[in-house]
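As provided, final32.pdb (PDB, C-alpha atoms) reads as follows.
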ATOM      1  CA  MET Z   1       3.006   3.013   7.460
ATOM      2  CA  GLY Z   2       6.650   1.916   7.924
ATOM      3  CA  PHE Z   3       7.113   1.131  11.622
ATOM      4  CA  GLY Z   4       9.652  -0.430  14.027
ATOM      5  CA  GLU Z   5       9.569  -1.404  17.707
ATOM      6  CA  THR Z   6      10.244   1.665  19.840
ATOM      7  CA  LYS Z   7      10.731  -0.061  23.170
ATOM      8  CA  SER Z   8      13.142  -2.838  22.248
ATOM      9  CA  SER Z   9      15.047  -1.249  19.370
ATOM     10  CA  PRO Z  10      17.779   1.353  19.973
ATOM     11  CA  GLY Z  11      17.110   2.630  16.442
ATOM     12  CA  TYR Z  12      13.793   4.182  17.492
ATOM     13  CA  GLY Z  13      13.655   7.270  19.646
ATOM     14  CA  ASN Z  14      10.620   9.340  20.481
ATOM     15  CA  PRO Z  15       8.076  10.071  17.744
ATOM     16  CA  PRO Z  16       7.696  11.438  15.173
ATOM     17  CA  TRP Z  17       9.491   8.742  13.194
ATOM     18  CA  ILE Z  18      11.048   9.666   9.847
ATOM     19  CA  PHE Z  19      11.079   7.410   6.755
ATOM     20  CA  LYS Z  20      12.781   8.271   3.465
ATOM     21  CA  GLY Z  21      12.513   6.538   0.104
ATOM     22  CA  SER Z  22      10.025   6.222  -2.749
ATOM     23  CA  ALA Z  23       6.499   4.855  -3.144
ATOM     24  CA  LEU Z  24       3.567   4.137  -5.429
ATOM     25  CA  TYR Z  25       0.148   5.220  -4.147
ATOM     26  CA  GLN Z  26      -2.618   3.604  -6.209
ATOM     27  CA  LEU Z  27      -6.322   4.290  -5.698
ATOM     28  CA  HIS Z  28      -8.965   1.683  -6.563
ATOM     29  CA  LEU Z  29     -12.745   1.530  -6.646
ATOM     30  CA  VAL Z  30     -13.593  -1.137  -4.071
ATOM     31  CA  LYS Z  31     -17.002  -2.650  -3.410
ATOM     32  CA  ALA Z  32     -18.391  -1.317  -0.146
ATOM     33  CA  GLU Z  33     -19.698  -4.747   0.857
ATOM     34  CA  THR Z  34     -16.139  -6.104   0.669
ATOM     35  CA  VAL Z  35     -14.704  -3.273   2.764
ATOM     36  CA  ARG Z  36     -17.287  -3.472   5.565
ATOM     37  CA  ALA Z  37     -15.699  -6.741   6.698
ATOM     38  CA  PHE Z  38     -12.605  -4.728   7.734
ATOM     39  CA  ILE Z  39     -14.214  -1.601   9.220
ATOM     40  CA  PRO Z  40     -15.194  -1.402  12.920
ATOM     41  CA  LYS Z  41     -18.947  -1.113  13.366
ATOM     42  CA  GLU Z  42     -18.680   2.298  15.019
ATOM     43  CA  LEU Z  43     -17.055   3.838  11.904
ATOM     44  CA  ARG Z  44     -19.064   4.895   8.835
ATOM     45  CA  LEU Z  45     -17.742   4.092   5.391
ATOM     46  CA  VAL Z  46     -17.443   6.841   2.788
ATOM     47  CA  GLU Z  47     -19.227   5.375  -0.223
ATOM     48  CA  ALA Z  48     -21.175   6.224  -3.357
ATOM     49  CA  PHE Z  49     -23.110   3.890  -5.656
ATOM     50  CA  GLY Z  50     -21.896   0.886  -3.700
ATOM     51  CA  TYR Z  51     -18.171   1.722  -3.895
ATOM     52  CA  THR Z  52     -15.497   3.363  -1.760
ATOM     53  CA  LEU Z  53     -11.893   4.441  -2.408
ATOM     54  CA  GLY Z  54      -9.282   1.872  -1.457
ATOM     55  CA  GLY Z  55      -6.066   0.677  -3.058
ATOM     56  CA  PHE Z  56      -2.501   0.263  -1.883
ATOM     57  CA  PHE Z  57       0.701   2.051  -0.888
ATOM     58  CA  LEU Z  58       3.862   0.255  -2.051
ATOM     59  CA  ALA Z  59       7.012   1.770  -0.565
ATOM     60  CA  ASN Z  60      10.733   1.159  -0.434
ATOM     61  CA  TYR Z  61      12.467   2.904   2.476
ATOM     62  CA  ASP Z  62      16.223   3.385   2.195
ATOM     63  CA  ASP Z  63      16.437   5.329   5.472
ATOM     64  CA  SER Z  64      14.250   4.625   8.503
ATOM     65  CA  PRO Z  65      14.484   3.731  12.196
ATOM     66  CA  ALA Z  66      14.162   0.086  11.125
ATOM     67  CA  GLY Z  67      16.757   0.433   8.376
ATOM     68  CA  VAL Z  68      16.092  -0.469   4.746
ATOM     69  CA  PHE Z  69      12.825  -2.312   4.120
ATOM     70  CA  ASP Z  70       9.821  -2.658   1.793
ATOM     71  CA  GLU Z  71       6.177  -2.144   2.701
ATOM     72  CA  LEU Z  72       2.818  -2.863   1.113
ATOM     73  CA  VAL Z  73      -0.198  -1.265   2.782
ATOM     74  CA  VAL Z  74      -3.536  -2.588   1.489
ATOM     75  CA  ILE Z  75      -6.018   0.254   1.997
ATOM     76  CA  ALA Z  76      -9.504  -1.188   2.446
ATOM     77  CA  GLY Z  77     -11.329   2.118   2.144
ATOM     78  CA  ILE Z  78     -12.109   5.549   3.530
ATOM     79  CA  VAL Z  79     -14.197   6.189   6.654
ATOM     80  CA  TRP Z  80     -15.755   9.388   7.909
ATOM     81  CA  ASN Z  81     -13.886  11.527  10.425
ATOM     82  CA  PRO Z  82     -15.875  14.803  10.313
ATOM     83  CA  PRO Z  83     -15.167  17.224   8.818
ATOM     84  CA  THR Z  84     -12.773  15.061   6.771
ATOM     85  CA  SER Z  85     -12.081  11.335   6.383
ATOM     86  CA  CYS Z  86      -9.441   8.736   7.291
ATOM     87  CA  ALA Z  87      -8.040   5.631   5.618
ATOM     88  CA  TRP Z  88      -8.342   2.134   7.082
ATOM     89  CA  ALA Z  89      -5.623  -0.433   6.359
ATOM     90  CA  ALA Z  90      -6.784  -3.997   5.738
ATOM     91  CA  ARG Z  91      -3.282  -5.467   5.787
ATOM     92  CA  VAL Z  92       0.319  -4.270   6.090
ATOM     93  CA  LEU Z  93       3.154  -6.384   4.683
ATOM     94  CA  VAL Z  94       6.780  -5.607   5.584
ATOM     95  CA  ASN Z  95      10.054  -7.501   5.117
ATOM     96  CA  SER Z  96      11.263  -6.457   8.565
ATOM     97  CA  GLU Z  97      10.403  -8.290  11.795
ATOM     98  CA  GLU Z  98      11.196  -5.122  13.718
ATOM     99  CA  ALA Z  99       8.803  -3.025  11.637
ATOM    100  CA  CYS Z 100       6.092  -5.684  11.856
ATOM    101  CA  HIS Z 101       6.282  -5.913  15.657
ATOM    102  CA  HIS Z 102       6.084  -2.164  16.171
ATOM    103  CA  GLY Z 103       3.228  -1.770  13.714
ATOM    104  CA  ARG Z 104       1.226  -4.382  15.599
ATOM    105  CA  LYS Z 105       1.945  -3.336  19.179
ATOM    106  CA  GLU Z 106       2.350   0.436  19.027
ATOM    107  CA  VAL Z 107       0.301   1.580  16.041
ATOM    108  CA  GLY Z 108      -2.424  -1.074  15.958
ATOM    109  CA  LEU Z 109      -1.759  -2.111  12.360
ATOM    110  CA  PRO Z 110      -2.622  -5.564  10.911
ATOM    111  CA  SER Z 111       1.048  -6.112  10.087
ATOM    112  CA  GLN Z 112       2.543  -9.310   8.692
ATOM    113  CA  VAL Z 113       6.098 -10.283   7.745
ATOM    114  CA  ALA Z 114       6.512 -10.877   4.021
ATOM    115  CA  ARG Z 115       9.072 -11.457   1.278
ATOM    116  CA  PHE Z 116       9.328  -8.922  -1.536
ATOM    117  CA  SER Z 117      10.878 -10.633  -4.562
ATOM    118  CA  LYS Z 118      11.756  -8.139  -7.304
ATOM    119  CA  ARG Z 119      12.684  -8.671 -10.924
ATOM    120  CA  ILE Z 120      13.447  -5.819 -13.346
ATOM    121  CA  THR Z 121      13.229  -6.369 -17.103
ATOM    122  CA  PRO Z 122      14.202  -3.557 -19.487
ATOM    123  CA  VAL Z 123      11.880  -3.407 -22.496
ATOM    124  CA  PRO Z 124      13.399  -1.208 -25.251
ATOM    125  CA  ARG Z 125      11.096   0.611 -27.624
ATOM    126  CA  GLN Z 126      11.297   3.262 -30.290
ATOM    127  CA  THR Z 127       9.155   6.244 -31.182
ATOM    128  CA  LYS Z 128       9.264   8.437 -34.252
ATOM    129  CA  ASP Z 129       8.219  11.980 -34.934
ATOM    130  CA  LYS Z 130       5.633  12.776 -37.613
ATOM    131  CA  PHE Z 131       8.360  13.047 -40.285
ATOM    132  CA  GLY Z 132      10.133   9.874 -39.215
ATOM    133  CA  GLY Z 133       8.896   7.685 -42.057
ATOM    134  CA  PHE Z 134      10.032  10.030 -44.822
ATOM    135  CA  LEU Z 135      13.381  10.851 -43.220
ATOM    136  CA  SER Z 136      14.106   7.163 -42.695
ATOM    137  CA  MET Z 137      13.551   6.592 -46.403
ATOM    138  CA  ILE Z 138      16.344   9.042 -47.232
ATOM    139  CA  GLY Z 139      18.616   7.682 -44.520
ATOM    140  CA  VAL Z 140      18.132  10.426 -41.930
ATOM    141  CA  GLY Z 141      16.322   8.790 -39.065
ATOM    142  CA  THR Z 142      14.797  10.721 -36.143
ATOM    143  CA  THR Z 143      13.988   7.743 -33.994
ATOM    144  CA  ILE Z 144      14.145   8.374 -30.245
ATOM    145  CA  CYS Z 145      15.146   5.414 -28.096
ATOM    146  CA  HIS Z 146      13.411   4.904 -24.786
ATOM    147  CA  SER Z 147      13.542   2.183 -22.194
ATOM    148  CA  LYS Z 148      10.480   0.857 -20.423
ATOM    149  CA  ASP Z 149      11.543  -0.720 -17.146
ATOM    150  CA  CYS Z 150       9.190  -3.480 -16.049
ATOM    151  CA  MET Z 151       9.480  -4.426 -12.385
ATOM    152  CA  ASP Z 152       7.657  -7.468 -11.026
ATOM    153  CA  VAL Z 153       7.179  -7.430  -7.251
ATOM    154  CA  GLN Z 154       6.026 -10.738  -5.785
ATOM    155  CA  VAL Z 155       4.690 -10.332  -2.225
ATOM    156  CA  THR Z 156       4.635 -13.508  -0.133
ATOM    157  CA  GLU Z 157       3.419 -13.675   3.466
ATOM    158  CA  VAL Z 158       5.654 -15.568   5.868
ATOM    159  CA  VAL Z 159       4.309 -17.128   9.061
ATOM    160  CA  GLY Z 160       6.985 -19.205  10.747
ATOM    161  CA  PRO Z 161       8.103 -21.936   8.329
ATOM    162  CA  ALA Z 162       4.983 -21.495   6.161
ATOM    163  CA  SER Z 163       4.508 -18.979   3.358
ATOM    164  CA  SER Z 164       1.725 -18.040   0.947
ATOM    165  CA  ASP Z 165       1.676 -15.726  -2.056
ATOM    166  CA  LEU Z 166      -0.486 -12.637  -1.655
ATOM    167  CA  CYS Z 167      -0.073 -10.857  -4.990
ATOM    168  CA  ASN Z 168       2.187  -9.886  -7.853
ATOM    169  CA  ILE Z 169       2.528  -6.202  -8.752
ATOM    170  CA  LYS Z 170       3.816  -5.290 -12.197
ATOM    171  CA  LEU Z 171       5.192  -1.747 -12.402
ATOM    172  CA  MET Z 172       5.845  -0.057 -15.726
ATOM    173  CA  THR Z 173       8.037   3.066 -15.795
ATOM    174  CA  ASP Z 174       8.864   4.979 -18.952
ATOM    175  CA  VAL Z 175      12.420   6.324 -18.795
ATOM    176  CA  PRO Z 176      13.572   8.230 -21.904
ATOM    177  CA  THR Z 177      17.326   7.871 -22.501
ATOM    178  CA  PRO Z 178      19.902   9.242 -22.964
ATOM    179  CA  LYS Z 179      18.831  12.750 -23.987
ATOM    180  CA  PHE Z 180      15.703  13.149 -21.935
ATOM    181  CA  ASN Z 181      15.602  13.419 -18.160
ATOM    182  CA  LYS Z 182      12.813  11.779 -16.196
ATOM    183  CA  TRP Z 183      10.427  14.411 -14.874
ATOM    184  CA  MET Z 184       9.761  13.755 -11.202
ATOM    185  CA  GLY Z 185       6.811  16.110 -10.894
ATOM    186  CA  PRO Z 186       6.171  19.033  -8.545
ATOM    187  CA  SER Z 187       7.117  19.103  -4.877
ATOM    188  CA  ILE Z 188       4.153  18.708  -2.529
ATOM    189  CA  THR Z 189       3.367  18.180   1.139
ATOM    190  CA  LEU Z 190       0.271  16.369   2.356
ATOM    191  CA  SER Z 191      -1.161  14.670   5.411
ATOM    192  CA  LEU Z 192      -2.658  11.166   5.365
ATOM    193  CA  PRO Z 193      -4.696  10.595   8.557
ATOM    194  CA  SER Z 194      -5.626   6.998   9.318
ATOM    195  CA  PHE Z 195      -7.564   4.932  11.836
ATOM    196  CA  SER Z 196      -6.086   1.720  13.212
ATOM    197  CA  GLY Z 197      -6.345  -0.720  16.086
ATOM    198  CA  GLN Z 198      -9.008  -3.177  17.272
ATOM    199  CA  THR Z 199      -6.687  -6.099  16.575
ATOM    200  CA  GLU Z 200      -5.407  -8.989  18.657
ATOM    201  CA  TYR Z 201      -2.248  -7.015  19.458
ATOM    202  CA  ASN Z 202      -3.828  -3.607  20.113
ATOM    203  CA  PRO Z 203      -7.561  -3.671  20.963
ATOM    204  CA  ASN Z 204      -7.928   0.129  21.188
ATOM    205  CA  LEU Z 205      -9.333   2.239  18.367
ATOM    206  CA  LEU Z 206      -6.485   4.563  17.327
ATOM    207  CA  LYS Z 207      -5.861   7.475  15.003
ATOM    208  CA  TYR Z 208      -2.465   8.502  13.630
ATOM    209  CA  SER Z 209      -1.145  10.845  10.987
ATOM    210  CA  CYS Z 210       1.521  10.591   8.274
ATOM    211  CA  ARG Z 211       2.905  13.839   6.879
ATOM    212  CA  LEU Z 212       4.553  13.441   3.488
ATOM    213  CA  ALA Z 213       6.908  15.685   1.530
ATOM    214  CA  CYS Z 214       7.859  14.426  -1.932
ATOM    215  CA  ARG Z 215       7.953  14.916  -5.690
ATOM    216  CA  VAL Z 216       4.764  13.485  -7.181
ATOM    217  CA  ARG Z 217       3.642  12.580 -10.680
ATOM    218  CA  ALA Z 218       0.817  10.551 -12.174
ATOM    219  CA  VAL Z 219       1.957   7.244 -13.703
ATOM    220  CA  ARG Z 220       0.432   4.254 -15.403
ATOM    221  CA  PRO Z 221      -1.418   2.097 -12.833
ATOM    222  CA  ALA Z 222       0.396  -1.059 -11.807
ATOM    223  CA  LYS Z 223      -1.093  -4.393 -12.868
ATOM    224  CA  VAL Z 224      -1.952  -6.626  -9.930
ATOM    225  CA  SER Z 225      -2.523 -10.361 -10.055
ATOM    226  CA  GLY Z 226      -3.389 -12.644  -7.169
ATOM    227  CA  PRO Z 227      -2.691 -16.281  -6.345
ATOM    228  CA  SER Z 228      -4.947 -18.883  -7.921
ATOM    229  CA  PRO Z 229      -7.326 -20.214  -6.918
ATOM    230  CA  LEU Z 230      -8.684 -17.906  -4.193
ATOM    231  CA  LYS Z 231     -10.649 -19.411  -1.362
ATOM    232  CA  LYS Z 232     -14.246 -18.259  -1.007
ATOM    233  CA  GLU Z 233     -14.618 -14.966   0.876
ATOM    234  CA  ARG Z 234     -16.511 -14.959   4.137
ATOM    235  CA  SER Z 235     -17.419 -12.339   6.710
ATOM    236  CA  HIS Z 236     -15.114 -11.431   9.612
ATOM    237  CA  ASP Z 237     -17.981 -11.868  12.096
ATOM    238  CA  SER Z 238     -16.405 -14.948  13.655
ATOM    239  CA  GLU Z 239     -18.316 -14.670  16.928
ATOM    240  CA  SER Z 240     -21.720 -15.220  15.329
ATOM    241  CA  ARG Z 241     -20.548 -17.761  12.724
ATOM    242  CA  GLY Z 242     -18.027 -19.665  14.829
ATOM    243  CA  PHE Z 243     -15.068 -19.548  12.416
ATOM    244  CA  THR Z 244     -11.788 -21.136  13.360
ATOM    245  CA  ALA Z 245      -8.650 -18.979  13.694
ATOM    246  CA  GLU Z 246      -7.303 -20.475  10.446
ATOM    247  CA  GLU Z 247     -10.525 -19.566   8.585
ATOM    248  CA  VAL Z 248     -10.355 -16.000   9.878
ATOM    249  CA  VAL Z 249      -6.744 -15.592   8.718
ATOM    250  CA  ASP Z 250      -7.505 -17.077   5.291
ATOM    251  CA  ASN Z 251     -10.575 -14.871   4.946
ATOM    252  CA  ALA Z 252      -8.652 -11.712   5.868
ATOM    253  CA  ARG Z 253      -5.991 -12.570   3.281
ATOM    254  CA  ASN Z 254      -8.570 -13.230   0.561
ATOM    255  CA  LEU Z 255     -10.422  -9.992   1.276
ATOM    256  CA  SER Z 256      -7.121  -8.112   1.059
ATOM    257  CA  ILE Z 257      -6.484  -9.718  -2.321
ATOM    258  CA  SER Z 258      -9.967  -8.622  -3.429
ATOM    259  CA  VAL Z 259      -9.013  -5.024  -2.658
ATOM    260  CA  MET Z 260      -5.763  -5.357  -4.608
ATOM    261  CA  LEU Z 261      -7.607  -6.830  -7.620
ATOM    262  CA  SER Z 262     -10.282  -4.123  -7.738
ATOM    263  CA  LYS Z 263     -10.400  -1.483 -10.497
ATOM    264  CA  PRO Z 264      -7.544   1.087 -10.403
ATOM    265  CA  ILE Z 265      -8.447   4.689 -11.160
ATOM    266  CA  LEU Z 266      -5.289   6.674 -10.307
ATOM    267  CA  ALA Z 267      -1.624   5.931  -9.612
ATOM    268  CA  LEU Z 268       0.813   8.444  -8.116
ATOM    269  CA  GLU Z 269       4.562   7.971  -7.904
ATOM    270  CA  PHE Z 270       6.258   9.548  -4.871
ATOM    271  CA  ASN Z 271       9.975  10.289  -5.286
ATOM    272  CA  PHE Z 272      12.386  11.848  -2.768
ATOM    273  CA  LEU Z 273       9.801  10.852  -0.185
ATOM    274  CA  GLU Z 274      10.180  11.941   3.429
ATOM    275  CA  MET Z 275       7.392  10.659   5.651
ATOM    276  CA  GLN Z 276       6.906  11.778   9.242
ATOM    277  CA  VAL Z 277       4.757   9.446  11.333
ATOM    278  CA  GLU Z 278       3.208  10.760  14.538
ATOM    279  CA  ALA Z 279       2.434   8.602  17.575
ATOM    280  CA  PRO Z 280      -1.190   7.384  17.525
ATOM    281  CA  ILE Z 281      -3.825   8.722  19.882
ATOM    282  CA  ILE Z 282      -6.387   6.461  21.573
ATOM    283  CA  LEU Z 283      -9.974   7.221  20.544
ATOM    284  CA  SER Z 284     -11.619   4.451  22.564
ATOM    285  CA  ASN Z 285     -10.480   1.698  24.899
ATOM    286  CA  ASN Z 286     -11.500  -1.903  24.335
ATOM    287  CA  THR Z 287     -10.682  -4.834  26.571
ATOM    288  CA  THR Z 288     -11.318  -7.304  23.745
ATOM    289  CA  SER Z 289     -10.724  -7.014  20.039
ATOM    290  CA  SER Z 290     -13.783  -6.581  17.804
ATOM    291  CA  LEU Z 291     -11.663  -7.386  14.760
ATOM    292  CA  PRO Z 292      -9.561 -10.546  14.451
ATOM    293  CA  ALA Z 293      -5.858 -10.182  13.760
ATOM    294  CA  ALA Z 294      -5.254 -10.160  10.032
TER
END
Transcribe the structure of this file into structure tokens.
Amino acid sequence: MGFGETKSSPGYGNPPWIFKGSALYQLHLVKAETVRAFIPKELRLVEAFGYTLGGFFLANYDDSPAGVFDELVVIAGIVWNPPTSCAWAARVLVNSEEACHHGRKEVGLPSQVARFSKRITPVPRQTKDKFGGFLSMIGVGTTICHSKDCMDVQVTEVVGPASSDLCNIKLMTDVPTPKFNKWMGPSITLSLPSFSGQTEYNPNLLKYSCRLACRVRAVRPAKVSGPSPLKKERSHDSESRGFTAEEVVDNARNLSISVMLSKPILALEFNFLEMQVEAPIILSNNTTSSLPAA
């Protein structure tokens, strides 16, 4: 997930690389037919009733080898890696050229540079206990004031002088104030293994692991909206259909948006996040890429 160039940047030493910050991990039900356009043919998709588990990982790192940066990982779906499974990233957006370059070259990720425009709007609200109506009538109110922070995150891909909106993510966080402290959830550790590679920048099929330690709690799923109108989706099989490079890039972007707009089923907020990323291992060598660069 968050990466920087190890060879050219003095900020990166030997792996594992450590990233600290916070994140939202949101799982979606994604149509299997949509996801197959991203998955290498040699990998088998984990699916049931025509759907797989995809979603996104939206992170803000305040301490990393690449410094402070934001990241959006669009997770296409889950593929089998007996006896368990691994995630496959359809697209990785970062507002750091350094992180983008390392993700492409060293970890085989479909990384792109992007802008993350954020706007926070406090939305005050009030709640009352079951006796609130009566007590208010006699002038003894028991209203509890809360604030609902609404953050809009606009993610825009940047390619040279050109830019295009990918999505808008609306985050809603309930923060009781001033008497009630925000509960961050229990402390957990987990491992998120992933496949990567078979891109223009790294043609090998790779596997890498992220070990996370954080406080986690379930939150309201973020609302995602995409740019309008979307271009018609097409398959990534450019060799048989003869797509141009521009068509392939547009198609990859539109398929990523389809994943983001699919049905959310669970959202987890990671606070006090410390993520340790191991160097990838090569599973198979390829002289040419079977997947176009996203």
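Across Z:Ala222, Z:Ile188, Z:Val158, Z:Ile75, the tightest approach to Z:Asn271 is made by Z:Ile188 when counting all atoms listed in the file.
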### Query
How would you write, as a PyMOL selection string, the residues chosen by the PyMOL selection byres ((chain Z and resi 117) around 7) on this structure?
chain Z and resi 115-116+118-119+153-155
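Closest approach to Z:Gly160 among Z:Ile120, Z:Ala66, Z:Ala279, Z:Ala114 is made by Z:Ala114 (distances from only C-alpha atoms).
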### Message
Can you tell me which residues surround Z:Leu171 at a distance of at most 7 Å, considering all atoms listed in the file, apart from same-chain residues fewer than 6 positions away, and format the answer as a ChimeraX atom specification?
### Response
/Z:150-152,222-223
Please save C-alpha atoms of the selected residues as a short mmCIF file (atom, residue, chain, number, x, y, z; two decimals), in the frame of the given file.
data_model
loop_
_atom_site.label_atom_id
_atom_site.label_comp_id
_atom_site.auth_asym_id
_atom_site.auth_seq_id
_atom_site.Cartn_x
_atom_site.Cartn_y
_atom_site.Cartn_z
CA CYS Z 150 9.19 -3.48 -16.05
CA MET Z 151 9.48 -4.43 -12.38
CA ASP Z 152 7.66 -7.47 -11.03
CA ALA Z 222 0.40 -1.06 -11.81
CA LYS Z 223 -1.09 -4.39 -12.87
#
### Query
Can you tell me how far atom CA of Z:Gly108 sits from atom CA of Z:Glu200, in Å to one decimal?
8.9 Å
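Atom CA of Z:Leu24 is positioned 12.0 Å from atom CA of Z:Tyr61.
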### Task
State, in Å with one decimal place, the distance from atom CA of Z:Ala87 to atom CA of Z:Leu192.
7.7 Å
### Message
Once the PyMOL selection byres ((chain Z and resi 260) around 8) is applied to the coordinates I shared, what remains selected? I want it as number ranges by chain.
### Response
Z: 28, 55-56, 74, 167, 224, 256-259, 261-262
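Remark: for Z:Ser284, the closest of the candidate residues Z:Ser194, Z:Leu205, Z:Pro16, Z:Ala59 is Z:Leu205 (distances computed over only C-alpha atoms).
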### Task
Can you work out which one of Z:Ser64, Z:Ala89, Z:Met172, Z:Ser164 has the shortest atom-to-atom distance to Z:Val113, counting all atoms listed in the file?
Z:Ser164
Would you output stretch 31-38 of chain Z from that structure, restricted to all heavy atoms, as a compact mmCIF listing (two decimals), in the first residue's frame?
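So out-v4.txt came out as:
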# COMPACT_ATOMS: atom_id res chain seq x y z
N LYS Z 31 -19.35 -7.32 -8.69
CA LYS Z 31 -19.68 -8.34 -9.68
C LYS Z 31 -18.41 -9.02 -10.18
O LYS Z 31 -17.45 -8.37 -10.57
CB LYS Z 31 -20.44 -7.72 -10.85
CG LYS Z 31 -21.85 -7.28 -10.51
CD LYS Z 31 -22.56 -6.74 -11.75
CE LYS Z 31 -23.99 -6.34 -11.41
NZ LYS Z 31 -24.70 -5.80 -12.59
N ALA Z 32 -18.45 -10.36 -10.18
CA ALA Z 32 -17.28 -11.13 -10.59
C ALA Z 32 -16.88 -10.83 -12.03
O ALA Z 32 -15.69 -10.77 -12.37
CB ALA Z 32 -17.54 -12.62 -10.41
N GLU Z 33 -17.87 -10.60 -12.90
CA GLU Z 33 -17.55 -10.33 -14.30
C GLU Z 33 -16.79 -9.02 -14.47
O GLU Z 33 -15.98 -8.87 -15.39
CB GLU Z 33 -18.83 -10.30 -15.13
CG GLU Z 33 -19.82 -9.23 -14.72
CD GLU Z 33 -21.09 -9.28 -15.55
OE1 GLU Z 33 -21.16 -10.13 -16.46
OE2 GLU Z 33 -22.01 -8.47 -15.28
N THR Z 34 -17.02 -8.07 -13.57
CA THR Z 34 -16.27 -6.81 -13.59
C THR Z 34 -14.83 -7.04 -13.16
O THR Z 34 -13.88 -6.53 -13.76
CB THR Z 34 -16.93 -5.77 -12.67
OG1 THR Z 34 -18.25 -5.49 -13.13
CG2 THR Z 34 -16.12 -4.48 -12.62
N VAL Z 35 -14.65 -7.85 -12.11
CA VAL Z 35 -13.33 -8.05 -11.52
C VAL Z 35 -12.42 -8.88 -12.42
O VAL Z 35 -11.20 -8.67 -12.44
CB VAL Z 35 -13.48 -8.73 -10.14
CG1 VAL Z 35 -12.12 -9.05 -9.53
CG2 VAL Z 35 -14.29 -7.85 -9.21
N ARG Z 36 -12.96 -9.79 -13.19
CA ARG Z 36 -12.13 -10.67 -14.02
C ARG Z 36 -11.28 -9.90 -15.02
O ARG Z 36 -10.26 -10.38 -15.49
CB ARG Z 36 -13.00 -11.70 -14.74
CG ARG Z 36 -13.53 -12.79 -13.82
CD ARG Z 36 -14.08 -13.97 -14.60
NE ARG Z 36 -14.74 -14.90 -13.70
CZ ARG Z 36 -16.05 -14.93 -13.46
NH1 ARG Z 36 -16.83 -14.06 -14.07
NH2 ARG Z 36 -16.56 -15.80 -12.63
N ALA Z 37 -11.70 -8.68 -15.36
CA ALA Z 37 -10.91 -7.85 -16.27
C ALA Z 37 -9.58 -7.44 -15.66
O ALA Z 37 -8.64 -7.11 -16.37
CB ALA Z 37 -11.71 -6.61 -16.67
N PHE Z 38 -9.48 -7.46 -14.32
CA PHE Z 38 -8.25 -7.06 -13.63
C PHE Z 38 -7.35 -8.25 -13.30
O PHE Z 38 -6.15 -8.09 -13.14
CB PHE Z 38 -8.60 -6.37 -12.29
CG PHE Z 38 -9.30 -5.06 -12.42
CD1 PHE Z 38 -10.64 -4.94 -12.12
CD2 PHE Z 38 -8.62 -3.93 -12.84
CE1 PHE Z 38 -11.30 -3.73 -12.21
CE2 PHE Z 38 -9.26 -2.71 -12.95
CZ PHE Z 38 -10.60 -2.61 -12.64
